[in-house]
Amino acid sequence: MLTAEDKKLIQQVWGKLAGSEEDVGSETLWRMFHAYPPTKTYFPHFDLSQGSDQIRGHGKKVVAALGTAIKNLDNLSQALSELSNLHAYNLLAVLSPVFALQFLAQCLQVVLAVRLGKEYTPEVHSAVDKFMSAVAAVLAEKYR
Amino acid sequence: MVHWSAEEKQLIAGLWGKVNVEECGAEALARLLIVYPWTQRFFASFGNLSSPTAIIGNPKVRAHGKKVLTSFGDAIKNLDNIKGTYSKLSELHCDKLHVDPENFRLLGDILVIVLASHFGRDFTPACQFAWQKLVSVVAHALARKYH
């Protein structure tokens with residue numbers, strides 16, 4: 001699914017974020033909660049106010065997981081296996097995983113586009129879109 | 001009928017005033033064809049779509065992108081009647097063009113990303129919310145006359 005060129009572009013883009021991963025994570029989540037209010041239903045136990053420690057903390061986790069995935073693009077299924085189990089078995093409240101993850105993917109792309117401007121070329125956009133689809137598919141693997 | 005708050009209307013109109021319709025329209029359509037290559041089947045008569053470079057430079061893609069985004073402008077002028085604004089276009093996309101409405105949602109999301117890349121930090125989360133709502137309403141209106 002991901003070509004060699006896609007993988008290169010993804011790794012390059014991620015490299016450009018070095019140092020701002022935490023901000024990217026928390027902005028992505030904040031945008032997701034803001035643009036798609038129903039996604040807040042998955043976090044009833046969180047303080048969802050802007051800049052909350054929980055959003056920052058969770059954003060950091062999400063970005064770290066994506067970073068791991070990017071280091072293991074040839075074996076996403078195994079790299080994300082624990083997370084896949086967690087989402088499937090422990091986070092049972094999630095009703096529509098693929099759907100919800102689409103919103104996260106869209107917001108991550110918006111954050112990248114905001115930060116990278118013209119550097120977020122159609123080729124990079126395409127590679128990241130494919131990557132996020134692959135991640136969503138792996139995370140949803142164990143749901144049924 | 002969709003309800004738009006004063007703030008949402010302001011965020012939409014405010015950004016729209018700064019949008020270069022020709023550039024953004026061309027870019028959004030080109031990205032649709034690049035990121036979701038199956039959409040190219042609807043544009044078989046457009047000539048060379050063989051690579052991202054070819055697509056971005058294709059004059060028919062640019063012209064059509066401008067047309068599509070210009071029609072968005074009509075929706076923005078008629079936020080209280082988007083259904084009516086897109087009624088004929090909906091019939092066209094169903095009866096003549098045979099486009100799966102899912103593709104409207106994809107184009108809408110791409111447009112949001114294009115705006116984000118052009119406006120950077122000015123494309124705030126509140127702005128994104130208003131625009132995601134707009135593209136969703138437009139996609140819905142375009143799908144409405146399908147049968």
# chains A, B, ... in the order shown; residues from 1 in each chain; ligands from 1
call {"tool": "residues_around", "arguments": {"residues": "segment 48-57 of chain A", "least_positions_apart": "2", "cutoff": "8 Å", "atoms": "only C-alpha atoms", "output": "ChimeraX atom specification"}}
result
/A:22-23,25-26,29-30,40,46,59-61
call {"tool": "closest_atom_pairs", "arguments": {"of": "chain B", "to": "chain A", "cutoff": "6 Å", "atoms": "only C-alpha atoms", "output": "JSON lines"}}
result
{"residue": "B:Arg31", "atom": "CA", "partner": "A:Pro122", "partner_atom": "CA", "distance": 5.6}
{"residue": "B:Val35", "atom": "CA", "partner": "A:Ser126", "partner_atom": "CA", "distance": 4.5}
{"residue": "B:Ile113", "atom": "CA", "partner": "A:Val110", "partner_atom": "CA", "distance": 5.2}
{"residue": "B:Ala116", "atom": "CA", "partner": "A:Val114", "partner_atom": "CA", "distance": 5.0}
{"residue": "B:Ser117", "atom": "CA", "partner": "A:Gly117", "partner_atom": "CA", "distance": 4.2}
{"residue": "B:Gly120", "atom": "CA", "partner": "A:Val114", "partner_atom": "CA", "distance": 4.0}
{"residue": "B:Pro125", "atom": "CA", "partner": "A:Arg31", "partner_atom": "CA", "distance": 5.1}
{"residue": "B:Phe129", "atom": "CA", "partner": "A:Ala35", "partner_atom": "CA", "distance": 4.1}
call {"tool": "closest_residue", "arguments": {"among": "A:Gln102, A:Ser20, A:Gln78, A:Thr41", "to": "Glu141 of chain A", "atoms": "only C-alpha atoms"}}
result
A:Gln78
call {"tool": "residues_around", "arguments": {"residues": "Arg105 of chain B", "least_positions_apart": "2", "cutoff": "8 Å", "atoms": "only C-alpha atoms", "output": "PDB file with N, CA, C and O atoms, in the first residue's frame"}}
result
ATOM      1  N   PRO B 101     -21.741  10.083  -3.953  1.00  0.00           N
ATOM      2  CA  PRO B 101     -21.682  11.251  -3.067  1.00  0.00           C
ATOM      3  C   PRO B 101     -20.555  11.207  -2.029  1.00  0.00           C
ATOM      4  O   PRO B 101     -20.170  12.257  -1.499  1.00  0.00           O
ATOM      5  N   GLU B 102     -20.037  10.037  -1.748  1.00  0.00           N
ATOM      6  CA  GLU B 102     -18.910   9.939  -0.821  1.00  0.00           C
ATOM      7  C   GLU B 102     -17.767  10.843  -1.297  1.00  0.00           C
ATOM      8  O   GLU B 102     -17.009  11.399  -0.497  1.00  0.00           O
ATOM      9  N   ASN B 103     -17.646  10.992  -2.607  1.00  0.00           N
ATOM     10  CA  ASN B 103     -16.558  11.808  -3.152  1.00  0.00           C
ATOM     11  C   ASN B 103     -16.699  13.287  -2.786  1.00  0.00           C
ATOM     12  O   ASN B 103     -15.699  14.010  -2.731  1.00  0.00           O
ATOM     13  N   LEU B 107     -13.749  15.632  -1.172  1.00  0.00           N
ATOM     14  CA  LEU B 107     -13.329  16.934  -1.694  1.00  0.00           C
ATOM     15  C   LEU B 107     -13.437  18.003  -0.613  1.00  0.00           C
ATOM     16  O   LEU B 107     -12.566  18.868  -0.488  1.00  0.00           O
ATOM     17  N   GLY B 108     -14.492  17.925   0.186  1.00  0.00           N
ATOM     18  CA  GLY B 108     -14.672  18.889   1.272  1.00  0.00           C
ATOM     19  C   GLY B 108     -13.512  18.858   2.254  1.00  0.00           C
ATOM     20  O   GLY B 108     -12.967  19.891   2.642  1.00  0.00           O
ATOM     21  N   ASP B 109     -13.112  17.651   2.653  1.00  0.00           N
ATOM     22  CA  ASP B 109     -11.987  17.515   3.592  1.00  0.00           C
ATOM     23  C   ASP B 109     -10.703  18.039   2.975  1.00  0.00           C
ATOM     24  O   ASP B 109      -9.882  18.658   3.639  1.00  0.00           O
ATOM     25  N   VAL B 135     -18.554  22.372   4.549  1.00  0.00           N
ATOM     26  CA  VAL B 135     -18.316  21.370   3.498  1.00  0.00           C
ATOM     27  C   VAL B 135     -19.237  20.170   3.693  1.00  0.00           C
ATOM     28  O   VAL B 135     -19.654  19.536   2.727  1.00  0.00           O
ATOM     29  N   SER B 136     -19.546  19.885   4.947  1.00  0.00           N
ATOM     30  CA  SER B 136     -20.442  18.768   5.213  1.00  0.00           C
ATOM     31  C   SER B 136     -21.855  19.086   4.730  1.00  0.00           C
ATOM     32  O   SER B 136     -22.524  18.240   4.107  1.00  0.00           O
ATOM     33  N   ALA B 139     -21.857  18.916   0.922  1.00  0.00           N
ATOM     34  CA  ALA B 139     -21.834  17.528   0.450  1.00  0.00           C
ATOM     35  C   ALA B 139     -23.222  16.908   0.598  1.00  0.00           C
ATOM     36  O   ALA B 139     -23.700  16.191  -0.285  1.00  0.00           O
TER      37      ALA B 139
END
call {"tool": "select_by_dssp", "arguments": {"residues": "chain B", "states": "helix (DSSP H, G or I)", "output": "PyMOL selection string"}}
result
chain B and resi 6-16+21-35+37-46+52-57+59-77+79-85+87-96+102-122+125-143
call {"tool": "atom_distance", "arguments": {"atom1": "atom CA of Thr39 of chain B", "atom2": "atom CA of Val112 of chain B"}}
result
18.1 Å
call {"tool": "decode", "arguments": {"residues": "segment 20-44 of chain A", "atoms": "N, CA, C and O atoms", "output": "PDB file, in the first residue's frame"}}
result
ATOM      1  N   SER A  20       8.456  19.607  18.193  1.00  0.00           N
ATOM      2  CA  SER A  20       7.109  20.125  18.457  1.00  0.00           C
ATOM      3  C   SER A  20       6.049  19.038  18.532  1.00  0.00           C
ATOM      4  O   SER A  20       4.864  19.317  18.415  1.00  0.00           O
ATOM      5  N   GLU A  21       6.512  17.782  18.750  1.00  0.00           N
ATOM      6  CA  GLU A  21       5.535  16.681  18.744  1.00  0.00           C
ATOM      7  C   GLU A  21       4.407  16.896  19.741  1.00  0.00           C
ATOM      8  O   GLU A  21       3.250  16.635  19.447  1.00  0.00           O
ATOM      9  N   GLU A  22       4.769  17.384  20.930  1.00  0.00           N
ATOM     10  CA  GLU A  22       3.742  17.545  21.964  1.00  0.00           C
ATOM     11  C   GLU A  22       2.687  18.569  21.533  1.00  0.00           C
ATOM     12  O   GLU A  22       1.482  18.346  21.691  1.00  0.00           O
ATOM     13  N   ASP A  23       3.159  19.678  20.948  1.00  0.00           N
ATOM     14  CA  ASP A  23       2.218  20.699  20.485  1.00  0.00           C
ATOM     15  C   ASP A  23       1.324  20.155  19.370  1.00  0.00           C
ATOM     16  O   ASP A  23       0.129  20.423  19.338  1.00  0.00           O
ATOM     17  N   VAL A  24       1.933  19.406  18.459  1.00  0.00           N
ATOM     18  CA  VAL A  24       1.171  18.837  17.346  1.00  0.00           C
ATOM     19  C   VAL A  24       0.083  17.920  17.882  1.00  0.00           C
ATOM     20  O   VAL A  24      -1.067  17.962  17.468  1.00  0.00           O
ATOM     21  N   GLY A  25       0.456  17.088  18.848  1.00  0.00           N
ATOM     22  CA  GLY A  25      -0.506  16.151  19.432  1.00  0.00           C
ATOM     23  C   GLY A  25      -1.658  16.854  20.103  1.00  0.00           C
ATOM     24  O   GLY A  25      -2.835  16.548  19.868  1.00  0.00           O
ATOM     25  N   SER A  26      -1.331  17.839  20.924  1.00  0.00           N
ATOM     26  CA  SER A  26      -2.428  18.473  21.651  1.00  0.00           C
ATOM     27  C   SER A  26      -3.266  19.345  20.720  1.00  0.00           C
ATOM     28  O   SER A  26      -4.489  19.404  20.867  1.00  0.00           O
ATOM     29  N   GLU A  27      -2.648  19.973  19.718  1.00  0.00           N
ATOM     30  CA  GLU A  27      -3.449  20.766  18.777  1.00  0.00           C
ATOM     31  C   GLU A  27      -4.375  19.877  17.951  1.00  0.00           C
ATOM     32  O   GLU A  27      -5.531  20.225  17.689  1.00  0.00           O
ATOM     33  N   THR A  28      -3.853  18.711  17.539  1.00  0.00           N
ATOM     34  CA  THR A  28      -4.674  17.786  16.756  1.00  0.00           C
ATOM     35  C   THR A  28      -5.918  17.376  17.545  1.00  0.00           C
ATOM     36  O   THR A  28      -7.031  17.408  17.026  1.00  0.00           O
ATOM     37  N   LEU A  29      -5.689  17.003  18.820  1.00  0.00           N
ATOM     38  CA  LEU A  29      -6.827  16.577  19.629  1.00  0.00           C
ATOM     39  C   LEU A  29      -7.801  17.730  19.860  1.00  0.00           C
ATOM     40  O   LEU A  29      -9.016  17.574  19.767  1.00  0.00           O
ATOM     41  N   TRP A  30      -7.240  18.889  20.175  1.00  0.00           N
ATOM     42  CA  TRP A  30      -8.105  20.048  20.428  1.00  0.00           C
ATOM     43  C   TRP A  30      -8.962  20.356  19.203  1.00  0.00           C
ATOM     44  O   TRP A  30     -10.152  20.610  19.293  1.00  0.00           O
ATOM     45  N   ARG A  31      -8.335  20.335  18.017  1.00  0.00           N
ATOM     46  CA  ARG A  31      -9.101  20.603  16.781  1.00  0.00           C
ATOM     47  C   ARG A  31     -10.170  19.543  16.583  1.00  0.00           C
ATOM     48  O   ARG A  31     -11.269  19.825  16.127  1.00  0.00           O
ATOM     49  N   MET A  32      -9.827  18.282  16.895  1.00  0.00           N
ATOM     50  CA  MET A  32     -10.793  17.199  16.701  1.00  0.00           C
ATOM     51  C   MET A  32     -12.002  17.405  17.617  1.00  0.00           C
ATOM     52  O   MET A  32     -13.146  17.304  17.177  1.00  0.00           O
ATOM     53  N   PHE A  33     -11.749  17.738  18.880  1.00  0.00           N
ATOM     54  CA  PHE A  33     -12.864  17.938  19.812  1.00  0.00           C
ATOM     55  C   PHE A  33     -13.699  19.149  19.408  1.00  0.00           C
ATOM     56  O   PHE A  33     -14.906  19.185  19.607  1.00  0.00           O
ATOM     57  N   HIS A  34     -13.021  20.142  18.840  1.00  0.00           N
ATOM     58  CA  HIS A  34     -13.694  21.380  18.470  1.00  0.00           C
ATOM     59  C   HIS A  34     -14.481  21.237  17.170  1.00  0.00           C
ATOM     60  O   HIS A  34     -15.599  21.721  17.037  1.00  0.00           O
ATOM     61  N   ALA A  35     -13.852  20.566  16.178  1.00  0.00           N
ATOM     62  CA  ALA A  35     -14.488  20.455  14.859  1.00  0.00           C
ATOM     63  C   ALA A  35     -15.523  19.335  14.811  1.00  0.00           C
ATOM     64  O   ALA A  35     -16.458  19.374  14.025  1.00  0.00           O
ATOM     65  N   TYR A  36     -15.322  18.316  15.654  1.00  0.00           N
ATOM     66  CA  TYR A  36     -16.229  17.162  15.672  1.00  0.00           C
ATOM     67  C   TYR A  36     -16.658  16.864  17.106  1.00  0.00           C
ATOM     68  O   TYR A  36     -16.197  15.891  17.705  1.00  0.00           O
ATOM     69  N   PRO A  37     -17.544  17.694  17.647  1.00  0.00           N
ATOM     70  CA  PRO A  37     -17.915  17.539  19.059  1.00  0.00           C
ATOM     71  C   PRO A  37     -18.296  16.118  19.484  1.00  0.00           C
ATOM     72  O   PRO A  37     -18.008  15.741  20.612  1.00  0.00           O
ATOM     73  N   PRO A  38     -18.926  15.300  18.609  1.00  0.00           N
ATOM     74  CA  PRO A  38     -19.239  13.938  19.050  1.00  0.00           C
ATOM     75  C   PRO A  38     -18.009  13.139  19.507  1.00  0.00           C
ATOM     76  O   PRO A  38     -18.157  12.193  20.274  1.00  0.00           O
ATOM     77  N   THR A  39     -16.826  13.508  19.049  1.00  0.00           N
ATOM     78  CA  THR A  39     -15.641  12.745  19.465  1.00  0.00           C
ATOM     79  C   THR A  39     -15.357  12.925  20.950  1.00  0.00           C
ATOM     80  O   THR A  39     -14.646  12.120  21.556  1.00  0.00           O
ATOM     81  N   LYS A  40     -15.927  13.973  21.531  1.00  0.00           N
ATOM     82  CA  LYS A  40     -15.718  14.180  22.964  1.00  0.00           C
ATOM     83  C   LYS A  40     -16.361  13.060  23.777  1.00  0.00           C
ATOM     84  O   LYS A  40     -15.957  12.808  24.907  1.00  0.00           O
ATOM     85  N   THR A  41     -17.344  12.390  23.189  1.00  0.00           N
ATOM     86  CA  THR A  41     -18.037  11.334  23.930  1.00  0.00           C
ATOM     87  C   THR A  41     -17.109  10.174  24.273  1.00  0.00           C
ATOM     88  O   THR A  41     -17.398   9.384  25.161  1.00  0.00           O
ATOM     89  N   TYR A  42     -15.972  10.089  23.585  1.00  0.00           N
ATOM     90  CA  TYR A  42     -15.028   9.022  23.891  1.00  0.00           C
ATOM     91  C   TYR A  42     -14.138   9.366  25.081  1.00  0.00           C
ATOM     92  O   TYR A  42     -13.366   8.541  25.540  1.00  0.00           O
ATOM     93  N   PHE A  43     -14.255  10.588  25.574  1.00  0.00           N
ATOM     94  CA  PHE A  43     -13.390  11.040  26.671  1.00  0.00           C
ATOM     95  C   PHE A  43     -14.188  11.697  27.790  1.00  0.00           C
ATOM     96  O   PHE A  43     -13.872  12.806  28.214  1.00  0.00           O
ATOM     97  N   PRO A  44     -15.216  11.011  28.280  1.00  0.00           N
ATOM     98  CA  PRO A  44     -16.071  11.635  29.298  1.00  0.00           C
ATOM     99  C   PRO A  44     -15.310  11.909  30.601  1.00  0.00           C
ATOM    100  O   PRO A  44     -15.719  12.742  31.392  1.00  0.00           O
TER     101      PRO A  44
END
